[in-house]
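> I'm passing along protein_14.txt; it holds compact mmCIF, C-alpha atoms.
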# COMPACT_ATOMS: atom_id res chain seq x y z
CA MET P 1 119.58 189.43 150.54
CA PRO P 2 118.23 192.34 148.51
CA TYR P 3 115.06 192.10 146.45
CA VAL P 4 114.77 194.07 143.23
CA ASN P 5 111.54 194.43 141.27
CA ILE P 6 111.70 195.87 137.76
CA LYS P 7 108.44 196.83 136.08
CA VAL P 8 108.47 197.52 132.34
CA THR P 9 105.88 197.52 129.60
CA ASP P 10 105.50 194.21 127.75
CA GLU P 11 106.86 195.37 124.44
CA GLY P 12 108.93 192.42 123.29
CA VAL P 13 111.52 192.10 126.04
CA THR P 14 113.64 189.11 125.04
CA LYS P 15 114.85 186.34 127.32
CA GLU P 16 118.40 187.60 126.81
CA GLN P 17 117.46 191.15 127.81
CA LYS P 18 115.82 189.78 130.96
CA GLN P 19 119.03 187.92 131.76
CA GLN P 20 120.96 191.19 131.32
CA LEU P 21 118.57 193.02 133.66
CA ILE P 22 118.93 190.28 136.29
CA ALA P 23 122.72 190.20 136.05
CA GLY P 24 123.04 193.99 135.97
CA ALA P 25 120.78 194.63 138.95
CA THR P 26 122.51 191.93 140.98
CA GLN P 27 125.94 193.34 140.13
CA LEU P 28 124.75 196.81 141.16
CA LEU P 29 123.88 195.57 144.64
CA VAL P 30 127.22 193.81 144.91
CA ASP P 31 129.16 196.88 143.75
CA VAL P 32 127.36 199.56 145.76
CA LEU P 33 126.43 197.75 148.97
CA GLY P 34 128.63 194.65 148.97
CA LYS P 35 125.58 192.38 149.05
CA ASN P 36 125.83 188.62 148.58
CA PRO P 37 124.69 187.85 145.02
CA LYS P 38 123.64 184.31 145.95
CA THR P 39 120.63 185.60 147.86
CA THR P 40 119.93 188.63 145.67
CA VAL P 41 116.58 188.18 143.97
CA VAL P 42 115.40 190.07 140.87
CA VAL P 43 111.80 189.84 139.64
CA ILE P 44 110.76 191.42 136.33
CA ASP P 45 107.09 192.31 135.76
CA GLU P 46 105.98 192.92 132.18
CA VAL P 47 102.89 195.14 132.16
CA ASN P 48 100.47 195.46 129.24
CA THR P 49 100.58 198.96 127.72
CA ASP P 50 96.83 199.30 128.38
CA ASN P 51 97.59 198.90 132.10
CA TRP P 52 100.38 201.47 132.37
CA GLY P 53 99.60 205.17 132.52
CA ILE P 54 101.70 208.31 132.73
CA GLY P 55 100.53 211.90 132.50
CA PHE P 56 96.86 210.83 132.48
CA ASP P 57 97.33 208.59 129.41
CA GLN P 58 97.65 204.90 128.63
CA VAL P 59 101.00 203.97 127.12
CA THR P 60 99.06 202.25 124.32
CA GLU P 61 97.76 205.66 123.25
CA LEU P 62 101.07 207.43 123.83
CA ARG P 63 102.79 204.96 121.51
CA LYS P 64 100.32 205.83 118.72
CA GLN P 65 100.97 209.55 119.14
CA THR P 66 104.73 209.19 118.86
CA LYS P 67 104.53 207.18 115.66
CA MET F 1 93.05 194.12 157.48
CA PRO F 2 96.44 192.66 156.56
CA TYR F 3 97.57 192.27 152.97
CA VAL F 4 99.80 189.36 152.01
CA ASN F 5 101.49 189.06 148.63
CA ILE F 6 103.09 185.74 147.72
CA LYS F 7 105.33 185.63 144.66
CA VAL F 8 106.32 182.23 143.27
CA THR F 9 107.53 180.96 139.91
CA ASP F 10 104.77 179.77 137.56
CA GLU F 11 105.67 176.12 137.61
CA GLY F 12 102.30 174.41 137.70
CA VAL F 13 100.80 175.71 140.93
CA THR F 14 97.34 174.12 141.12
CA LYS F 15 94.12 175.85 142.12
CA GLU F 16 94.04 173.68 145.24
CA GLN F 17 97.58 174.69 146.22
CA LYS F 18 96.62 178.35 145.79
CA GLN F 19 93.65 177.77 148.08
CA GLN F 20 96.01 176.24 150.65
CA LEU F 21 98.37 179.23 150.43
CA ILE F 22 95.44 181.64 150.90
CA ALA F 23 94.00 179.73 153.85
CA GLY F 24 97.41 179.19 155.47
CA ALA F 25 98.54 182.80 155.19
CA THR F 26 95.21 184.05 156.54
CA GLN F 27 95.36 181.62 159.48
CA LEU F 28 98.91 182.78 160.22
CA LEU F 29 97.75 186.39 160.62
CA VAL F 30 94.88 185.26 162.84
CA ASP F 31 97.12 183.10 165.01
CA VAL F 32 100.08 185.46 165.43
CA LEU F 33 98.43 188.90 165.46
CA GLY F 34 94.75 188.17 166.11
CA LYS F 35 93.75 189.81 162.83
CA ASN F 36 90.23 189.60 161.44
CA PRO F 37 90.27 187.02 158.64
CA LYS F 38 87.26 188.61 156.91
CA THR F 39 89.37 191.55 155.77
CA THR F 40 92.65 189.67 155.32
CA VAL F 41 93.62 189.70 151.66
CA VAL F 42 96.09 187.33 150.00
CA VAL F 43 97.30 187.87 146.43
CA ILE F 44 99.46 185.28 144.67
CA ASP F 45 101.69 186.34 141.77
CA GLU F 46 102.99 183.61 139.48
CA VAL F 47 106.16 184.79 137.75
CA ASN F 48 107.62 183.27 134.59
CA THR F 49 110.96 181.57 135.28
CA ASP F 50 112.58 183.81 132.62
CA ASN F 51 111.58 186.81 134.77
CA TRP F 52 112.94 185.57 138.10
CA GLY F 53 116.61 185.72 138.90
CA ILE F 54 118.75 184.71 141.84
CA GLY F 55 122.52 184.72 142.11
CA PHE F 56 122.87 186.46 138.69
CA ASP F 57 120.91 183.71 136.87
CA GLN F 58 117.45 183.18 135.45
CA VAL F 59 115.51 180.43 137.17
CA THR F 60 114.89 178.94 133.71
CA GLU F 61 118.62 178.28 133.41
CA LEU F 62 119.01 177.17 137.01
CA ARG F 63 116.32 174.54 136.48
CA LYS F 64 118.30 173.10 133.53
CA GLN F 65 121.45 172.87 135.61
CA THR F 66 119.79 170.96 138.42
CA LYS F 67 118.30 168.37 136.11
CA MET M 1 112.90 181.07 145.98
CA PRO M 2 109.51 182.52 146.91
CA TYR M 3 109.08 186.06 148.13
CA VAL M 4 106.38 186.88 150.66
CA ASN M 5 105.40 190.42 151.64
CA ILE M 6 103.17 190.90 154.66
CA LYS M 7 101.68 194.34 155.24
CA VAL M 8 100.09 195.08 158.61
CA THR M 9 99.30 198.21 160.57
CA ASP M 10 102.05 199.34 162.97
CA GLU M 11 100.19 198.63 166.16
CA GLY M 12 102.84 197.19 168.41
CA VAL M 13 103.96 194.11 166.52
CA THR M 14 106.71 192.57 168.64
CA LYS M 15 110.00 191.17 167.41
CA GLU M 16 108.82 187.72 168.48
CA GLN M 17 105.58 188.04 166.51
CA LYS M 18 107.60 189.07 163.47
CA GLN M 19 109.73 185.97 163.90
CA GLN M 20 106.56 183.86 164.04
CA LEU M 21 105.24 185.47 160.84
CA ILE M 22 108.55 184.80 159.08
CA ALA M 23 108.75 181.19 160.24
CA GLY M 24 105.07 180.51 159.53
CA ALA M 25 105.07 181.97 156.03
CA THR M 26 108.26 180.10 155.14
CA GLN M 27 106.85 176.82 156.46
CA LEU M 28 103.67 177.39 154.42
CA LEU M 29 105.68 177.59 151.20
CA VAL M 30 107.60 174.45 152.16
CA ASP M 31 104.44 172.52 153.03
CA VAL M 32 102.25 173.54 150.09
CA LEU M 33 104.75 173.91 147.24
CA GLY M 34 107.84 172.08 148.47
CA LYS M 35 109.92 175.26 148.16
CA ASN M 36 113.46 175.51 149.52
CA PRO M 37 113.30 177.49 152.79
CA LYS M 38 116.92 178.66 152.45
CA THR M 39 115.98 181.02 149.63
CA THR M 40 112.49 181.88 150.83
CA VAL M 41 112.35 185.56 151.74
CA VAL M 42 109.72 187.21 153.93
CA VAL M 43 109.47 190.99 154.27
CA ILE M 44 107.09 192.60 156.78
CA ASP M 45 105.90 196.17 156.22
CA GLU M 46 104.39 198.01 159.19
CA VAL M 47 102.10 200.77 157.98
CA ASN M 48 100.95 203.74 160.06
CA THR M 49 97.21 203.62 160.73
CA ASP M 50 96.88 207.08 159.11
CA ASN M 51 98.21 205.55 155.89
CA TRP M 52 95.90 202.51 155.74
CA GLY M 53 92.33 202.85 154.57
CA ILE M 54 89.44 200.46 154.17
CA GLY M 55 85.85 201.27 153.28
CA PHE M 56 86.72 204.95 152.67
CA ASP M 57 88.17 205.42 156.18
CA GLN M 58 91.55 205.65 157.81
CA VAL M 59 92.24 202.84 160.26
CA THR M 60 93.13 205.52 162.82
CA GLU M 61 89.51 206.67 162.76
CA LEU M 62 88.09 203.15 162.62
CA ARG M 63 90.00 202.26 165.77
CA LYS M 64 88.37 205.20 167.62
CA GLN M 65 84.91 204.07 166.54
CA THR M 66 85.37 200.54 167.79
CA LYS M 67 86.54 201.65 171.21
CA MET T 1 106.35 211.84 140.73
CA PRO T 2 103.87 209.61 142.54
CA TYR T 3 103.46 205.94 141.72
CA VAL T 4 100.05 204.32 142.05
CA ASN T 5 99.45 200.59 141.79
CA ILE T 6 95.89 199.33 141.48
CA LYS T 7 95.27 195.61 141.88
CA VAL T 8 91.90 194.21 140.82
CA THR T 9 90.61 190.79 139.83
CA ASP T 10 90.73 190.06 136.09
CA GLU T 11 87.01 190.01 135.51
CA GLY T 12 86.66 191.76 132.18
CA VAL T 13 88.11 195.19 132.88
CA THR T 14 87.87 197.05 129.57
CA LYS T 15 90.54 199.24 128.03
CA GLU T 16 88.27 202.24 128.59
CA GLN T 17 87.82 201.43 132.27
CA LYS T 18 91.59 201.17 132.63
CA GLN T 19 91.92 204.60 131.03
CA GLN T 20 89.40 205.95 133.56
CA LEU T 21 91.34 204.43 136.46
CA ILE T 22 94.59 205.96 135.16
CA ALA T 23 93.06 209.41 134.62
CA GLY T 24 91.17 209.35 137.94
CA ALA T 25 94.12 208.28 140.05
CA THR T 26 96.37 210.85 138.39
CA GLN T 27 93.80 213.61 138.94
CA LEU T 28 93.50 212.59 142.60
CA LEU T 29 97.22 213.15 143.15
CA VAL T 30 97.02 216.51 141.39
CA ASP T 31 93.99 217.62 143.41
CA VAL T 32 95.07 216.45 146.86
CA LEU T 33 98.84 216.92 146.78
CA GLY T 34 99.45 219.23 143.82
CA LYS T 35 101.63 216.63 142.12
CA ASN T 36 102.87 216.99 138.55
CA PRO T 37 100.72 214.70 136.37
CA LYS T 38 103.44 214.38 133.73
CA THR T 39 105.51 212.17 136.03
CA THR T 40 102.62 210.47 137.82
CA VAL T 41 102.64 206.77 136.97
CA VAL T 42 99.70 204.38 137.38
CA VAL T 43 100.10 200.62 136.96
CA ILE T 44 97.08 198.30 136.98
CA ASP T 45 97.53 194.63 137.86
CA GLU T 46 94.76 192.24 136.91
CA VAL T 47 94.86 189.17 139.14
CA ASN T 48 93.21 185.83 138.35
CA THR T 49 90.36 185.07 140.77
CA ASP T 50 92.10 181.80 141.73
CA ASN T 51 95.04 183.91 142.95
CA TRP T 52 93.07 186.36 145.11
CA GLY T 53 91.81 185.39 148.52
CA ILE T 54 89.81 187.14 151.21
CA GLY T 55 88.42 185.67 154.42
CA PHE T 56 90.24 182.33 153.80
CA ASP T 57 88.56 181.84 150.39
CA GLN T 58 89.48 182.18 146.73
CA VAL T 59 87.46 184.81 144.91
CA THR T 60 86.66 182.14 142.31
CA GLU T 61 84.71 180.26 144.98
CA LEU T 62 83.19 183.38 146.50
CA ARG T 63 81.79 184.34 143.10
CA LYS T 64 80.01 180.95 142.85
CA GLN T 65 78.45 181.39 146.30
CA THR T 66 77.01 184.80 145.51
CA LYS T 67 75.39 183.64 142.29
CA MET V 1 108.84 204.72 131.91
CA PRO V 2 110.18 201.78 133.93
CA TYR V 3 109.72 201.52 137.67
CA VAL V 4 112.40 199.88 139.78
CA ASN V 5 111.95 199.03 143.46
CA ILE V 6 115.02 198.03 145.46
CA LYS V 7 114.48 196.56 148.93
CA VAL V 8 117.47 196.26 151.24
CA THR V 9 117.94 195.99 154.97
CA ASP V 10 118.38 199.31 156.79
CA GLU V 11 121.99 198.81 157.78
CA GLY V 12 123.52 202.22 157.25
CA VAL V 13 122.96 202.83 153.56
CA THR V 14 124.38 206.29 152.90
CA LYS V 15 122.82 209.00 150.77
CA GLU V 16 125.66 208.59 148.30
CA GLN V 17 125.09 204.84 148.01
CA LYS V 18 121.40 205.51 147.36
CA GLN V 19 122.39 207.91 144.59
CA GLN V 20 124.60 205.21 143.09
CA LEU V 21 121.75 202.68 143.21
CA ILE V 22 119.40 205.15 141.51
CA ALA V 23 121.92 206.07 138.80
CA GLY V 24 122.97 202.47 138.24
CA ALA V 25 119.47 201.06 137.97
CA THR V 26 118.44 203.85 135.59
CA GLN V 27 121.49 203.29 133.40
CA LEU V 28 120.72 199.56 133.30
CA LEU V 29 117.28 200.23 131.84
CA VAL V 30 118.78 202.64 129.29
CA ASP V 31 121.50 200.18 128.27
CA VAL V 32 119.45 196.98 128.08
CA LEU V 33 116.05 198.23 126.89
CA GLY V 34 116.74 201.71 125.52
CA LYS V 35 114.31 203.25 128.00
CA ASN V 36 114.01 206.99 128.49
CA PRO V 37 115.85 207.87 131.74
CA LYS V 38 113.73 211.00 132.28
CA THR V 39 110.71 208.91 133.20
CA THR V 40 112.58 206.02 134.85
CA VAL V 41 111.69 205.91 138.53
CA VAL V 42 113.71 204.14 141.23
CA VAL V 43 112.37 203.70 144.77
CA ILE V 44 114.55 202.28 147.55
CA ASP V 45 112.91 200.67 150.59
CA GLU V 46 115.05 200.20 153.69
CA VAL V 47 113.65 197.40 155.82
CA ASN V 48 114.42 196.84 159.50
CA THR V 49 116.38 193.63 160.05
CA ASP V 50 113.63 192.43 162.44
CA ASN V 51 111.21 192.63 159.49
CA TRP V 52 113.28 190.69 156.96
CA GLY V 53 113.50 186.92 157.07
CA ILE V 54 115.30 184.31 155.03
CA GLY V 55 115.51 180.57 155.70
CA PHE V 56 113.03 180.84 158.61
CA ASP V 57 115.15 183.42 160.46
CA GLN V 58 115.16 187.14 161.09
CA VAL V 59 118.16 188.92 159.62
CA THR V 60 118.71 190.46 163.07
CA GLU V 61 119.46 186.99 164.41
CA LEU V 62 121.45 185.90 161.35
CA ARG V 63 123.73 188.91 161.79
CA LYS V 64 124.49 187.82 165.38
CA GLN V 65 125.38 184.30 164.25
CA THR V 66 127.82 185.48 161.61
CA LYS V 67 129.70 187.70 164.02
CA MET N 1 88.16 193.77 146.97
CA PRO N 2 90.66 196.01 145.14
CA TYR N 3 93.99 196.97 146.66
CA VAL N 4 95.49 200.37 145.88
CA ASN N 5 99.02 201.38 146.82
CA ILE N 6 100.00 205.03 146.54
CA LYS N 7 103.67 205.92 146.83
CA VAL N 8 104.63 209.57 147.33
CA THR N 9 107.63 211.39 148.71
CA ASP N 10 107.44 212.18 152.43
CA GLU N 11 107.16 215.93 152.10
CA GLY N 12 104.65 216.83 154.77
CA VAL N 13 101.56 214.92 153.69
CA THR N 14 98.94 215.71 156.32
CA LYS N 15 96.55 213.26 157.94
CA GLU N 16 93.69 215.02 156.19
CA GLN N 17 95.35 214.71 152.79
CA LYS N 18 95.86 211.01 153.42
CA GLN N 19 92.17 210.69 154.24
CA GLN N 20 91.36 212.43 150.94
CA LEU N 21 93.62 210.05 149.02
CA ILE N 22 91.97 207.04 150.68
CA ALA N 23 88.43 208.29 150.05
CA GLY N 24 89.21 209.39 146.48
CA ALA N 25 90.90 206.15 145.45
CA THR N 26 88.08 204.09 146.97
CA GLN N 27 85.43 206.18 145.19
CA LEU N 28 87.32 205.75 141.91
CA LEU N 29 87.07 201.96 142.17
CA VAL N 30 83.37 202.22 143.03
CA ASP N 31 82.67 204.58 140.13
CA VAL N 32 84.68 202.87 137.40
CA LEU N 33 84.38 199.18 138.28
CA GLY N 34 81.44 199.03 140.69
CA LYS N 35 83.67 197.56 143.42
CA ASN N 36 82.49 197.13 147.00
CA PRO N 37 84.08 199.93 149.06
CA LYS N 38 83.88 197.90 152.28
CA THR N 39 86.67 195.62 151.11
CA THR N 40 88.63 198.20 149.10
CA VAL N 41 92.00 198.74 150.74
CA VAL N 42 94.27 201.75 150.19
CA VAL N 43 97.83 201.84 151.53
CA ILE N 44 99.95 205.00 151.30
CA ASP N 45 103.75 204.73 151.39
CA GLU N 46 105.71 207.88 152.16
CA VAL N 47 109.23 207.60 150.77
CA ASN N 48 112.20 209.70 151.85
CA THR N 49 113.39 212.00 149.06
CA ASP N 50 116.86 210.43 149.32
CA ASN N 51 115.26 207.10 148.40
CA TRP N 52 113.32 208.25 145.34
CA GLY N 53 115.03 208.80 142.02
CA ILE N 54 113.89 209.96 138.61
CA GLY N 55 116.01 210.73 135.57
CA PHE N 56 119.20 209.46 137.35
CA ASP N 57 118.76 211.89 140.26
CA GLN N 58 117.59 211.81 143.86
CA VAL N 59 114.51 213.90 144.49
CA THR N 60 116.43 215.55 147.35
CA GLU N 61 118.81 217.03 144.80
CA LEU N 62 116.08 217.84 142.28
CA ARG N 63 114.27 219.86 144.94
CA LYS N 64 117.39 221.97 145.51
CA GLN N 65 117.73 222.70 141.80
CA THR N 66 114.16 223.91 141.43
CA LYS N 67 114.43 226.29 144.33
Could you spell out this file's structure in structure tokens?

Amino acid sequence: MPYVNIKVTDEGVTKEQKQQLIAGATQLLVDVLGKNPKTTVVVIDEVNTDNWGIGFDQVTELRKQTK
Amino acid sequence: MPYVNIKVTDEGVTKEQKQQLIAGATQLLVDVLGKNPKTTVVVIDEVNTDNWGIGFDQVTELRKQTK
Amino acid sequence: MPYVNIKVTDEGVTKEQKQQLIAGATQLLVDVLGKNPKTTVVVIDEVNTDNWGIGFDQVTELRKQTK
Amino acid sequence: MPYVNIKVTDEGVTKEQKQQLIAGATQLLVDVLGKNPKTTVVVIDEVNTDNWGIGFDQVTELRKQTK
Amino acid sequence: MPYVNIKVTDEGVTKEQKQQLIAGATQLLVDVLGKNPKTTVVVIDEVNTDNWGIGFDQVTELRKQTK
Amino acid sequence: MPYVNIKVTDEGVTKEQKQQLIAGATQLLVDVLGKNPKTTVVVIDEVNTDNWGIGFDQVTELRKQTK
């Protein structure tokens, strides 16, 4: 019955990568807590880099600095 | 003062259906807990079916299987 | 498959009221969007009145003023 | 290490305003709790006015009434 | 920079299991998306079984039925 | 109408500090976006250090290392 929410920046996550995140998070709950995968829900939020900040700065700007 | 967040897949929810979800969730808090509707907030998140998983699988794929 | 999160202040919500919130929110998703209740999840968060603010003020203080 | 999530309606929030929200929220955690800004994360969600309700009504409709 | 939130019922999750959830979710983001683990945050919420519902019912009651 | 959620570890946050977080976050939304403070909601979640992870590790363990 667990609910997992994964928030990442929207920098080209592919459908296949999302499937891997869903399968991996579900398996983690099965392995560690013995949860029923049938009712384990995973929701992925893709967040624009303008809308994500760390250390005072927008990720959009951080990406420019690291280039 | 309650806050209600409803997450559903983005499969053509109409503006009218959203209005019904907002009104219904607000009424529920009034009826069950006597909350003040004026400060009851409802936020609906529509999630892409690629980004929602249950039972290891993406909803996008589950929809194909049930067709 | 919907996920509903209800946040209210922790002011003596009974187990029966929680059951009513769960049943009511689930029914709402069935009625408005035709969702499958078997995979509709409702999670209720009870928040201490010190930790909830509206209009600059803690609910703890607002409750004193309205008494 | 704090995590701050700010939800607002998607009514033309500029990139600069988002930067101000990120910097301001981070500074608040530094000032009040002495948190390390380097690991303070701020995520802004912009929500369509059809998907946000208060007092039974969609913000989309409330905006029309106040015009 | 990802943020992962895991919600499970509060049925005796040990500190070691929490550590395994944190490590596993972080590794998943490293493996699938090449994220930096140093800024990958995992938050686990343990929810009372009275406050979690699925299929109209409180988990508290579902647990009794399956015994 | 904004909704702000602040998650911090539960390491002795006082009632007064919570009030400062609520007032500061509300003022930020007023200053940056001209939002109405009367309907600006702030919710603070205090998370056990066992339940918060960063860089693969529980904060509980990180705190021991930095002592």
> Go ahead and align chain N to chain T (same sequence, so just pair every C-alpha in order, least squares) and export the moved chain as a compact mmCIF listing (two decimals) with C-alpha atoms, in the frame of the given file.

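Just written: result.txt:
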# COMPACT_ATOMS: atom_id res chain seq x y z
CA MET N 1 106.37 211.84 140.72
CA PRO N 2 103.87 209.60 142.55
CA TYR N 3 103.46 205.94 141.71
CA VAL N 4 100.04 204.31 142.04
CA ASN N 5 99.45 200.58 141.79
CA ILE N 6 95.89 199.32 141.47
CA LYS N 7 95.27 195.61 141.88
CA VAL N 8 91.90 194.19 140.82
CA THR N 9 90.61 190.79 139.84
CA ASP N 10 90.73 190.06 136.11
CA GLU N 11 87.01 190.02 135.51
CA GLY N 12 86.67 191.76 132.18
CA VAL N 13 88.12 195.19 132.88
CA THR N 14 87.87 197.06 129.58
CA LYS N 15 90.53 199.26 128.02
CA GLU N 16 88.27 202.24 128.58
CA GLN N 17 87.82 201.43 132.26
CA LYS N 18 91.58 201.17 132.63
CA GLN N 19 91.92 204.60 131.03
CA GLN N 20 89.40 205.95 133.56
CA LEU N 21 91.34 204.43 136.45
CA ILE N 22 94.58 205.96 135.16
CA ALA N 23 93.06 209.41 134.62
CA GLY N 24 91.16 209.34 137.93
CA ALA N 25 94.13 208.27 140.04
CA THR N 26 96.36 210.87 138.38
CA GLN N 27 93.79 213.62 138.95
CA LEU N 28 93.49 212.57 142.60
CA LEU N 29 97.22 213.14 143.14
CA VAL N 30 97.00 216.51 141.38
CA ASP N 31 93.98 217.60 143.41
CA VAL N 32 95.07 216.44 146.86
CA LEU N 33 98.84 216.91 146.79
CA GLY N 34 99.44 219.23 143.83
CA LYS N 35 101.63 216.61 142.13
CA ASN N 36 102.86 216.99 138.56
CA PRO N 37 100.72 214.70 136.37
CA LYS N 38 103.46 214.38 133.74
CA THR N 39 105.51 212.17 136.04
CA THR N 40 102.61 210.46 137.83
CA VAL N 41 102.64 206.77 136.98
CA VAL N 42 99.70 204.39 137.37
CA VAL N 43 100.10 200.63 136.95
CA ILE N 44 97.08 198.30 136.97
CA ASP N 45 97.53 194.63 137.87
CA GLU N 46 94.76 192.23 136.91
CA VAL N 47 94.85 189.16 139.14
CA ASN N 48 93.21 185.83 138.37
CA THR N 49 90.36 185.07 140.77
CA ASP N 50 92.11 181.81 141.72
CA ASN N 51 95.04 183.90 142.95
CA TRP N 52 93.09 186.35 145.11
CA GLY N 53 91.83 185.39 148.53
CA ILE N 54 89.83 187.14 151.21
CA GLY N 55 88.44 185.69 154.42
CA PHE N 56 90.25 182.33 153.80
CA ASP N 57 88.58 181.85 150.40
CA GLN N 58 89.48 182.18 146.74
CA VAL N 59 87.46 184.81 144.93
CA THR N 60 86.65 182.14 142.32
CA GLU N 61 84.70 180.26 144.98
CA LEU N 62 83.18 183.39 146.51
CA ARG N 63 81.79 184.34 143.11
CA LYS N 64 80.02 180.97 142.85
CA GLN N 65 78.43 181.40 146.27
CA THR N 66 77.01 184.82 145.48
CA LYS N 67 75.42 183.66 142.27
> Report as a ChimeraX atom specification all protein, DNA and RNA residues lying within 8 Å of T:Asp50, evaluated on all atoms listed in the file, omitting residues in the same chain fewer than 5 positions from it.
/F:15,18-19 /T:58-60
> List the spatial neighbours of T:Glu61 as an MDAnalysis selection string - criterion: any atom at most 10 Å away, all atoms listed in the file, same-chain residues fewer than 4 positions off excluded.
(chainID F and resid 19) or (chainID T and resid 49:50 53 57 65:66)
> Report, in Å to a single decimal, how far apart atom CA of V:Gly34 and atom CA of M:Pro2 are.
29.6 Å
> Nearest to chain F among N:Ala25, N:Leu33, N:Val8, N:Val41, with distances taken over all atoms listed in the file: which residue is it?
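Ranking N:Ala25, N:Leu33, N:Val8, N:Val41 by distance to chain F, first place goes to N:Val41.
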> Could you jot down the atom CA of T:Val47 to atom CA of M:Ile54 separation for me, Å, one decimal place?
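Rounded to one decimal, the two atoms are 19.6 Å apart.
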> Which residues, written as a ChimeraX atom specification, have at least one atom at most 10 Å from M:Leu28, with all atoms listed in the file counted and residues fewer than 5 positions away on the same chain left out?
/F:20-25,28 /M:23,33-35,37
> Mind giving me the straight-line distance from atom CA of V:Glu16 to atom CA of P:Leu29 in Å, one decimal?
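Going from atom CA of V:Glu16 over to atom CA of P:Leu29, I get 13.6 Å.
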> Tell me the residues of chain V close to chain T, meaning within 10 Å using all atoms listed in the file, as a PyMOL selection string.
chain V and resi 1-3+38-41+43
> Identify the residues within 6 Å of coordinate (111.8, 195.1, 133.1) (same frame as the file), considering only C-alpha atoms, and give the answer as an mmCIF file with C-alpha atoms, keeping the file's coordinate frame.

data_model
loop_
_atom_site.group_PDB
_atom_site.id
_atom_site.type_symbol
_atom_site.label_atom_id
_atom_site.label_comp_id
_atom_site.auth_asym_id
_atom_site.auth_seq_id
_atom_site.Cartn_x
_atom_site.Cartn_y
_atom_site.Cartn_z
ATOM 1 C CA ILE P 6 111.700 195.870 137.760
ATOM 2 C CA LYS P 7 108.440 196.830 136.080
ATOM 3 C CA VAL P 8 108.470 197.520 132.340
ATOM 4 C CA ILE P 44 110.760 191.420 136.330
#
> With all atoms of stretch 13-29 of chain P from the file as input, state the centre and edge lengths in Å to one decimal of the axis-aligned box that has 4 Å extra on each side, as JSON.

{"center_x": 118.7, "center_y": 191.6, "center_z": 134.8, "size_x": 22.4, "size_y": 18.5, "size_z": 27.6}
